[in-house]
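Novice: Here you go, this is input_1.pdb (PDB, N, CA and C atoms, pLDDT in the B column).
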```pdb
ATOM      1  N   MET E   1     169.122 115.382 142.094  1.00 62.00           N
ATOM      2  CA  MET E   1     168.499 116.386 142.954  1.00 62.00           C
ATOM      3  C   MET E   1     167.182 115.832 143.512  1.00 62.00           C
ATOM      4  N   ASN E   2     166.956 116.017 144.797  1.00 65.00           N
ATOM      5  CA  ASN E   2     165.724 115.561 145.442  1.00 65.00           C
ATOM      6  C   ASN E   2     164.571 116.505 145.116  1.00 65.00           C
ATOM      7  N   GLN E   3     163.485 115.944 144.636  1.00 81.00           N
ATOM      8  CA  GLN E   3     162.301 116.741 144.342  1.00 81.00           C
ATOM      9  C   GLN E   3     161.435 116.849 145.596  1.00 81.00           C
ATOM     10  N   PRO E   4     160.921 118.041 145.916  1.00 76.00           N
ATOM     11  CA  PRO E   4     160.034 118.177 147.069  1.00 76.00           C
ATOM     12  C   PRO E   4     158.808 117.276 146.913  1.00 76.00           C
ATOM     13  N   THR E   5     158.438 116.601 147.991  1.00 91.00           N
ATOM     14  CA  THR E   5     157.312 115.696 147.969  1.00 91.00           C
ATOM     15  C   THR E   5     156.293 116.022 149.060  1.00 91.00           C
ATOM     16  N   PHE E   6     156.787 116.403 150.232  1.00 95.00           N
ATOM     17  CA  PHE E   6     155.915 116.659 151.378  1.00 95.00           C
ATOM     18  C   PHE E   6     156.146 118.057 151.931  1.00 95.00           C
ATOM     19  N   LEU E   7     155.090 118.615 152.503  1.00 95.00           N
ATOM     20  CA  LEU E   7     155.204 119.864 153.255  1.00 95.00           C
ATOM     21  C   LEU E   7     154.730 119.568 154.675  1.00 95.00           C
ATOM     22  N   ALA E   8     155.671 119.515 155.605  1.00 96.00           N
ATOM     23  CA  ALA E   8     155.341 119.282 157.010  1.00 96.00           C
ATOM     24  C   ALA E   8     155.036 120.624 157.663  1.00 96.00           C
ATOM     25  N   LEU E   9     154.069 120.630 158.577  1.00 96.00           N
ATOM     26  CA  LEU E   9     153.610 121.870 159.209  1.00 96.00           C
ATOM     27  C   LEU E   9     153.436 121.645 160.697  1.00 96.00           C
ATOM     28  N   ASP E  10     153.902 122.597 161.501  1.00 95.00           N
ATOM     29  CA  ASP E  10     153.708 122.561 162.944  1.00 95.00           C
ATOM     30  C   ASP E  10     153.280 123.950 163.391  1.00 95.00           C
ATOM     31  N   LEU E  11     152.199 124.016 164.169  1.00 92.00           N
ATOM     32  CA  LEU E  11     151.692 125.287 164.687  1.00 92.00           C
ATOM     33  C   LEU E  11     151.765 125.302 166.199  1.00 92.00           C
ATOM     34  N   GLU E  12     152.073 126.461 166.765  1.00 90.00           N
ATOM     35  CA  GLU E  12     151.965 126.683 168.205  1.00 90.00           C
ATOM     36  C   GLU E  12     150.804 127.645 168.400  1.00 90.00           C
ATOM     37  N   LEU E  13     149.838 127.221 169.194  1.00 89.00           N
ATOM     38  CA  LEU E  13     148.621 128.001 169.395  1.00 89.00           C
ATOM     39  C   LEU E  13     148.570 128.562 170.809  1.00 89.00           C
ATOM     40  N   GLY E  14     147.772 129.595 170.982  1.00 89.00           N
ATOM     41  CA  GLY E  14     147.586 130.195 172.305  1.00 89.00           C
ATOM     42  C   GLY E  14     146.587 129.442 173.155  1.00 89.00           C
ATOM     43  N   GLY E  15     146.061 128.338 172.691  1.00 88.00           N
ATOM     44  CA  GLY E  15     145.092 127.528 173.424  1.00 88.00           C
ATOM     45  C   GLY E  15     144.402 126.573 172.479  1.00 88.00           C
ATOM     46  N   SER E  16     143.410 125.869 173.000  1.00 85.00           N
ATOM     47  CA  SER E  16     142.753 124.840 172.194  1.00 85.00           C
ATOM     48  C   SER E  16     141.362 125.236 171.706  1.00 85.00           C
ATOM     49  N   THR E  17     140.967 126.476 171.885  1.00 86.00           N
ATOM     50  CA  THR E  17     139.669 126.923 171.374  1.00 86.00           C
ATOM     51  C   THR E  17     139.866 127.619 170.030  1.00 86.00           C
ATOM     52  N   GLU E  18     138.803 127.656 169.230  1.00 87.00           N
ATOM     53  CA  GLU E  18     138.934 128.173 167.861  1.00 87.00           C
ATOM     54  C   GLU E  18     139.261 129.659 167.793  1.00 87.00           C
ATOM     55  N   ASP E  19     139.046 130.425 168.855  1.00 89.00           N
ATOM     56  CA  ASP E  19     139.337 131.854 168.815  1.00 89.00           C
ATOM     57  C   ASP E  19     140.758 132.189 169.272  1.00 89.00           C
ATOM     58  N   CYS E  20     141.550 131.189 169.670  1.00 90.00           N
ATOM     59  CA  CYS E  20     142.923 131.434 170.128  1.00 90.00           C
ATOM     60  C   CYS E  20     143.843 131.770 168.959  1.00 90.00           C
ATOM     61  N   SER E  21     144.845 132.568 169.246  1.00 91.00           N
ATOM     62  CA  SER E  21     145.787 133.019 168.230  1.00 91.00           C
ATOM     63  C   SER E  21     146.781 131.918 167.851  1.00 91.00           C
ATOM     64  N   ILE E  22     147.214 131.947 166.596  1.00 91.00           N
ATOM     65  CA  ILE E  22     148.349 131.139 166.162  1.00 91.00           C
ATOM     66  C   ILE E  22     149.590 131.956 166.501  1.00 91.00           C
ATOM     67  N   LEU E  23     150.490 131.388 167.294  1.00 92.00           N
ATOM     68  CA  LEU E  23     151.664 132.116 167.745  1.00 92.00           C
ATOM     69  C   LEU E  23     152.868 131.910 166.836  1.00 92.00           C
ATOM     70  N   THR E  24     153.101 130.670 166.428  1.00 94.00           N
ATOM     71  CA  THR E  24     154.206 130.373 165.520  1.00 94.00           C
ATOM     72  C   THR E  24     153.776 129.320 164.508  1.00 94.00           C
ATOM     73  N   ALA E  25     154.463 129.304 163.389  1.00 96.00           N
ATOM     74  CA  ALA E  25     154.234 128.287 162.363  1.00 96.00           C
ATOM     75  C   ALA E  25     155.595 127.868 161.814  1.00 96.00           C
ATOM     76  N   HIS E  26     155.777 126.568 161.654  1.00 97.00           N
ATOM     77  CA  HIS E  26     157.028 126.041 161.099  1.00 97.00           C
ATOM     78  C   HIS E  26     156.671 125.136 159.920  1.00 97.00           C
ATOM     79  N   PHE E  27     157.310 125.370 158.797  1.00 97.00           N
ATOM     80  CA  PHE E  27     157.087 124.587 157.585  1.00 97.00           C
ATOM     81  C   PHE E  27     158.410 123.928 157.190  1.00 97.00           C
ATOM     82  N   ALA E  28     158.346 122.683 156.755  1.00 97.00           N
ATOM     83  CA  ALA E  28     159.534 121.990 156.263  1.00 97.00           C
ATOM     84  C   ALA E  28     159.171 121.299 154.948  1.00 97.00           C
ATOM     85  N   VAL E  29     159.922 121.590 153.908  1.00 95.00           N
ATOM     86  CA  VAL E  29     159.761 120.923 152.621  1.00 95.00           C
ATOM     87  C   VAL E  29     160.669 119.696 152.648  1.00 95.00           C
ATOM     88  N   CYS E  30     160.073 118.521 152.419  1.00 94.00           N
ATOM     89  CA  CYS E  30     160.805 117.260 152.531  1.00 94.00           C
ATOM     90  C   CYS E  30     160.727 116.472 151.232  1.00 94.00           C
ATOM     91  N   ASP E  31     161.754 115.616 151.028  1.00 93.00           N
ATOM     92  CA  ASP E  31     161.719 114.721 149.873  1.00 93.00           C
ATOM     93  C   ASP E  31     160.968 113.438 150.230  1.00 93.00           C
ATOM     94  N   LYS E  32     160.943 112.472 149.327  1.00 91.00           N
ATOM     95  CA  LYS E  32     160.160 111.246 149.550  1.00 91.00           C
ATOM     96  C   LYS E  32     160.671 110.418 150.719  1.00 91.00           C
ATOM     97  N   ASP E  33     161.912 110.644 151.147  1.00 91.00           N
ATOM     98  CA  ASP E  33     162.484 109.937 152.297  1.00 91.00           C
ATOM     99  C   ASP E  33     162.437 110.777 153.569  1.00 91.00           C
ATOM    100  N   TRP E  34     161.695 111.857 153.554  1.00 92.00           N
ATOM    101  CA  TRP E  34     161.505 112.789 154.675  1.00 92.00           C
ATOM    102  C   TRP E  34     162.779 113.534 155.058  1.00 92.00           C
ATOM    103  N   ASN E  35     163.720 113.656 154.121  1.00 93.00           N
ATOM    104  CA  ASN E  35     164.878 114.520 154.347  1.00 93.00           C
ATOM    105  C   ASN E  35     164.430 115.961 154.142  1.00 93.00           C
ATOM    106  N   VAL E  36     164.775 116.832 155.063  1.00 94.00           N
ATOM    107  CA  VAL E  36     164.361 118.237 154.977  1.00 94.00           C
ATOM    108  C   VAL E  36     165.191 118.938 153.912  1.00 94.00           C
ATOM    109  N   LEU E  37     164.496 119.534 152.922  1.00 93.00           N
ATOM    110  CA  LEU E  37     165.158 120.263 151.838  1.00 93.00           C
ATOM    111  C   LEU E  37     165.221 121.754 152.126  1.00 93.00           C
ATOM    112  N   ASN E  38     164.203 122.271 152.823  1.00 95.00           N
ATOM    113  CA  ASN E  38     164.145 123.698 153.143  1.00 95.00           C
ATOM    114  C   ASN E  38     163.163 123.892 154.286  1.00 95.00           C
ATOM    115  N   GLU E  39     163.327 124.974 155.049  1.00 97.00           N
ATOM    116  CA  GLU E  39     162.460 125.248 156.189  1.00 97.00           C
ATOM    117  C   GLU E  39     162.100 126.727 156.252  1.00 97.00           C
ATOM    118  N   LEU E  40     160.962 126.995 156.870  1.00 97.00           N
ATOM    119  CA  LEU E  40     160.520 128.360 157.121  1.00 97.00           C
ATOM    120  C   LEU E  40     159.910 128.393 158.516  1.00 97.00           C
ATOM    121  N   ASP E  41     160.419 129.266 159.381  1.00 97.00           N
ATOM    122  CA  ASP E  41     159.938 129.406 160.752  1.00 97.00           C
ATOM    123  C   ASP E  41     159.365 130.809 160.903  1.00 97.00           C
ATOM    124  N   LEU E  42     158.089 130.907 161.288  1.00 96.00           N
ATOM    125  CA  LEU E  42     157.415 132.201 161.387  1.00 96.00           C
ATOM    126  C   LEU E  42     156.892 132.448 162.799  1.00 96.00           C
ATOM    127  N   LYS E  43     157.028 133.680 163.265  1.00 94.00           N
ATOM    128  CA  LYS E  43     156.377 134.133 164.484  1.00 94.00           C
ATOM    129  C   LYS E  43     155.277 135.080 164.017  1.00 94.00           C
ATOM    130  N   LEU E  44     154.039 134.816 164.431  1.00 93.00           N
ATOM    131  CA  LEU E  44     152.889 135.527 163.881  1.00 93.00           C
ATOM    132  C   LEU E  44     152.311 136.516 164.881  1.00 93.00           C
ATOM    133  N   ARG E  45     151.744 137.600 164.350  1.00 91.00           N
ATOM    134  CA  ARG E  45     151.091 138.612 165.169  1.00 91.00           C
ATOM    135  C   ARG E  45     149.735 138.907 164.544  1.00 91.00           C
ATOM    136  N   PRO E  46     148.669 138.882 165.348  1.00 89.00           N
ATOM    137  CA  PRO E  46     147.342 139.194 164.809  1.00 89.00           C
ATOM    138  C   PRO E  46     147.304 140.618 164.236  1.00 89.00           C
ATOM    139  N   ASN E  47     146.438 140.835 163.261  1.00 90.00           N
ATOM    140  CA  ASN E  47     146.316 142.168 162.650  1.00 90.00           C
ATOM    141  C   ASN E  47     146.022 143.254 163.673  1.00 90.00           C
ATOM    142  N   ASP E  48     145.200 142.924 164.685  1.00 91.00           N
ATOM    143  CA  ASP E  48     144.861 143.925 165.699  1.00 91.00           C
ATOM    144  C   ASP E  48     145.876 143.965 166.844  1.00 91.00           C
ATOM    145  N   LYS E  49     146.939 143.165 166.744  1.00 90.00           N
ATOM    146  CA  LYS E  49     148.026 143.091 167.723  1.00 90.00           C
ATOM    147  C   LYS E  49     147.564 142.649 169.109  1.00 90.00           C
ATOM    148  N   GLN E  50     146.372 142.039 169.203  1.00 91.00           N
ATOM    149  CA  GLN E  50     145.836 141.529 170.462  1.00 91.00           C
ATOM    150  C   GLN E  50     145.836 140.002 170.402  1.00 91.00           C
ATOM    151  N   TYR E  51     146.713 139.376 171.171  1.00 90.00           N
ATOM    152  CA  TYR E  51     146.779 137.917 171.207  1.00 90.00           C
ATOM    153  C   TYR E  51     145.638 137.367 172.051  1.00 90.00           C
ATOM    154  N   THR E  52     145.019 136.305 171.592  1.00 91.00           N
ATOM    155  CA  THR E  52     143.991 135.596 172.352  1.00 91.00           C
ATOM    156  C   THR E  52     144.591 134.272 172.781  1.00 91.00           C
ATOM    157  N   VAL E  53     144.781 134.121 174.101  1.00 90.00           N
ATOM    158  CA  VAL E  53     145.399 132.913 174.648  1.00 90.00           C
ATOM    159  C   VAL E  53     144.609 132.444 175.866  1.00 90.00           C
ATOM    160  N   THR E  54     144.857 131.203 176.266  1.00 88.00           N
ATOM    161  CA  THR E  54     144.237 130.663 177.476  1.00 88.00           C
ATOM    162  C   THR E  54     145.336 130.330 178.487  1.00 88.00           C
ATOM    163  N   ASP E  55     144.942 130.196 179.750  1.00 84.00           N
ATOM    164  CA  ASP E  55     145.903 129.791 180.783  1.00 84.00           C
ATOM    165  C   ASP E  55     146.544 128.458 180.420  1.00 84.00           C
ATOM    166  N   GLN E  56     145.723 127.517 179.939  1.00 81.00           N
ATOM    167  CA  GLN E  56     146.232 126.193 179.570  1.00 81.00           C
ATOM    168  C   GLN E  56     147.259 126.301 178.446  1.00 81.00           C
ATOM    169  N   GLY E  57     146.960 127.110 177.441  1.00 77.00           N
ATOM    170  CA  GLY E  57     147.889 127.280 176.320  1.00 77.00           C
ATOM    171  C   GLY E  57     149.209 127.873 176.753  1.00 77.00           C
ATOM    172  N   MET E  58     149.182 128.837 177.645  1.00 77.00           N
ATOM    173  CA  MET E  58     150.417 129.471 178.108  1.00 77.00           C
ATOM    174  C   MET E  58     151.174 128.570 179.081  1.00 77.00           C
ATOM    175  N   SER E  59     150.501 127.707 179.809  1.00 78.00           N
ATOM    176  CA  SER E  59     151.204 126.815 180.736  1.00 78.00           C
ATOM    177  C   SER E  59     152.054 125.805 179.972  1.00 78.00           C
ATOM    178  N   ILE E  60     151.636 125.444 178.778  1.00 65.00           N
ATOM    179  CA  ILE E  60     152.434 124.528 177.951  1.00 65.00           C
ATOM    180  C   ILE E  60     153.693 125.225 177.472  1.00 65.00           C
ATOM    181  N   VAL E  61     153.576 126.504 177.102  1.00 57.00           N
ATOM    182  CA  VAL E  61     154.720 127.275 176.610  1.00 57.00           C
ATOM    183  C   VAL E  61     155.720 127.533 177.738  1.00 57.00           C
ATOM    184  N   THR E  62     155.232 127.948 178.898  1.00 56.00           N
ATOM    185  CA  THR E  62     156.123 128.324 179.994  1.00 56.00           C
ATOM    186  C   THR E  62     156.492 127.160 180.900  1.00 56.00           C
ATOM    187  N   GLY E  63     155.710 126.092 180.857  1.00 58.00           N
ATOM    188  CA  GLY E  63     155.968 124.956 181.728  1.00 58.00           C
ATOM    189  C   GLY E  63     155.492 125.153 183.146  1.00 58.00           C
ATOM    190  N   LYS E  64     154.697 126.201 183.395  1.00 56.00           N
ATOM    191  CA  LYS E  64     154.192 126.481 184.755  1.00 56.00           C
ATOM    192  C   LYS E  64     152.710 126.255 184.852  1.00 56.00           C
TER     193      LYS E  64
END
```
Hey, can you dump this file as structure tokens for me?
Specialist:
Amino acid sequence: MNQPTFLALDLELGGSTEDCSILTAHFAVCDKDWNVLNELDLKLRPNDKQYTVTDQGMSIVTGK
């Protein structure tokens, strides 16, 4: 059985400033050879339900 060794993390943000919202988070538990053992994909919502995003951040998501 492969023992978990690494936790890979990827975040999608609403922009590049510190006040921008985290929109999604993806976690992957990997073994020593970087084979994915388990994954968790989350879509996040701020407590106040108000997303803080920038035009630049949204242009990356939409491609426009």
Novice: How would you write, as an MDAnalysis selection string, the residues chosen by the PyMOL selection byres (((chain E and resi 31 and name CA) around 12) and name CA) on this structure?
Specialist: chainID E and resid 1:8 28:30 32:38
Novice: What is the distance, in Å and to one decimal place, between atom CA of E:Glu39 and atom CA of E:Leu23?
Specialist: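 Here the two named atoms are 17.2 Å from each other.
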Novice: Could you please write out, as a PyMOL selection string, every residue of chain E that DSSP assigns to helix (DSSP H, G or I)?
Specialist: chain E and resi 55-62
Novice: What does the distance from atom CA of E:Gly15 to atom CA of E:Leu40 come to in Å, to one decimal?
Specialist: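 According to the coordinates, atom CA of E:Gly15 and atom CA of E:Leu40 are separated by 22.5 Å.
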Novice: As an exercise, work out the distance from atom CA of E:Leu42 to atom C of E:Cys20 in Å and give it to one decimal place.
Specialist: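 Atom CA of E:Leu42 sits 15.5 Å away from atom C of E:Cys20.
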Novice: In file coordinates, which residues lie within 7 Å of (148.0, 132.9, 174.3) using only C-alpha atoms, given as a PDB file with N, CA and C atoms, keeping the file's coordinate frame?
Specialist:
```
ATOM      1  N   LEU E  13     149.838 127.221 169.194  1.00 89.00           N
ATOM      2  CA  LEU E  13     148.621 128.001 169.395  1.00 89.00           C
ATOM      3  C   LEU E  13     148.570 128.562 170.809  1.00 89.00           C
ATOM      4  N   GLY E  14     147.772 129.595 170.982  1.00 89.00           N
ATOM      5  CA  GLY E  14     147.586 130.195 172.305  1.00 89.00           C
ATOM      6  C   GLY E  14     146.587 129.442 173.155  1.00 89.00           C
ATOM      7  N   GLY E  15     146.061 128.338 172.691  1.00 88.00           N
ATOM      8  CA  GLY E  15     145.092 127.528 173.424  1.00 88.00           C
ATOM      9  C   GLY E  15     144.402 126.573 172.479  1.00 88.00           C
ATOM     10  N   CYS E  20     141.550 131.189 169.670  1.00 90.00           N
ATOM     11  CA  CYS E  20     142.923 131.434 170.128  1.00 90.00           C
ATOM     12  C   CYS E  20     143.843 131.770 168.959  1.00 90.00           C
ATOM     13  N   SER E  21     144.845 132.568 169.246  1.00 91.00           N
ATOM     14  CA  SER E  21     145.787 133.019 168.230  1.00 91.00           C
ATOM     15  C   SER E  21     146.781 131.918 167.851  1.00 91.00           C
ATOM     16  N   TYR E  51     146.713 139.376 171.171  1.00 90.00           N
ATOM     17  CA  TYR E  51     146.779 137.917 171.207  1.00 90.00           C
ATOM     18  C   TYR E  51     145.638 137.367 172.051  1.00 90.00           C
ATOM     19  N   THR E  52     145.019 136.305 171.592  1.00 91.00           N
ATOM     20  CA  THR E  52     143.991 135.596 172.352  1.00 91.00           C
ATOM     21  C   THR E  52     144.591 134.272 172.781  1.00 91.00           C
ATOM     22  N   VAL E  53     144.781 134.121 174.101  1.00 90.00           N
ATOM     23  CA  VAL E  53     145.399 132.913 174.648  1.00 90.00           C
ATOM     24  C   VAL E  53     144.609 132.444 175.866  1.00 90.00           C
ATOM     25  N   THR E  54     144.857 131.203 176.266  1.00 88.00           N
ATOM     26  CA  THR E  54     144.237 130.663 177.476  1.00 88.00           C
ATOM     27  C   THR E  54     145.336 130.330 178.487  1.00 88.00           C
ATOM     28  N   GLY E  57     146.960 127.110 177.441  1.00 77.00           N
ATOM     29  CA  GLY E  57     147.889 127.280 176.320  1.00 77.00           C
ATOM     30  C   GLY E  57     149.209 127.873 176.753  1.00 77.00           C
ATOM     31  N   MET E  58     149.182 128.837 177.645  1.00 77.00           N
ATOM     32  CA  MET E  58     150.417 129.471 178.108  1.00 77.00           C
ATOM     33  C   MET E  58     151.174 128.570 179.081  1.00 77.00           C
TER      34      MET E  58
END
```
Novice: Using the chain letters and numbers from this document, which residues of chain E does DSSP assign to strand (DSSP E or B), as a ChimeraX atom specification?
Specialist: /E:6-13,22-30,36-43
Novice: Considering all atoms listed in the file, can you say which of E:Thr17, E:Ser59, E:Phe27, E:Ile22 comes closest to E:Arg45?
Specialist: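 Ranked by minimum distance to E:Arg45, first place goes to E:Ile22.
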Novice: Where's the centre, and what are the edge lengths in Å to one decimal, of a box along x, y and z enclosing all listed atoms of stretch 20-24 of chain E padded 5 Å per side, as AutoDock Vina command-line options?
Specialist:
```
--center_x 147.9 --center_y 131.2 --center_z 167.3 --size_x 22.7 --size_y 13.7 --size_z 15.6
```
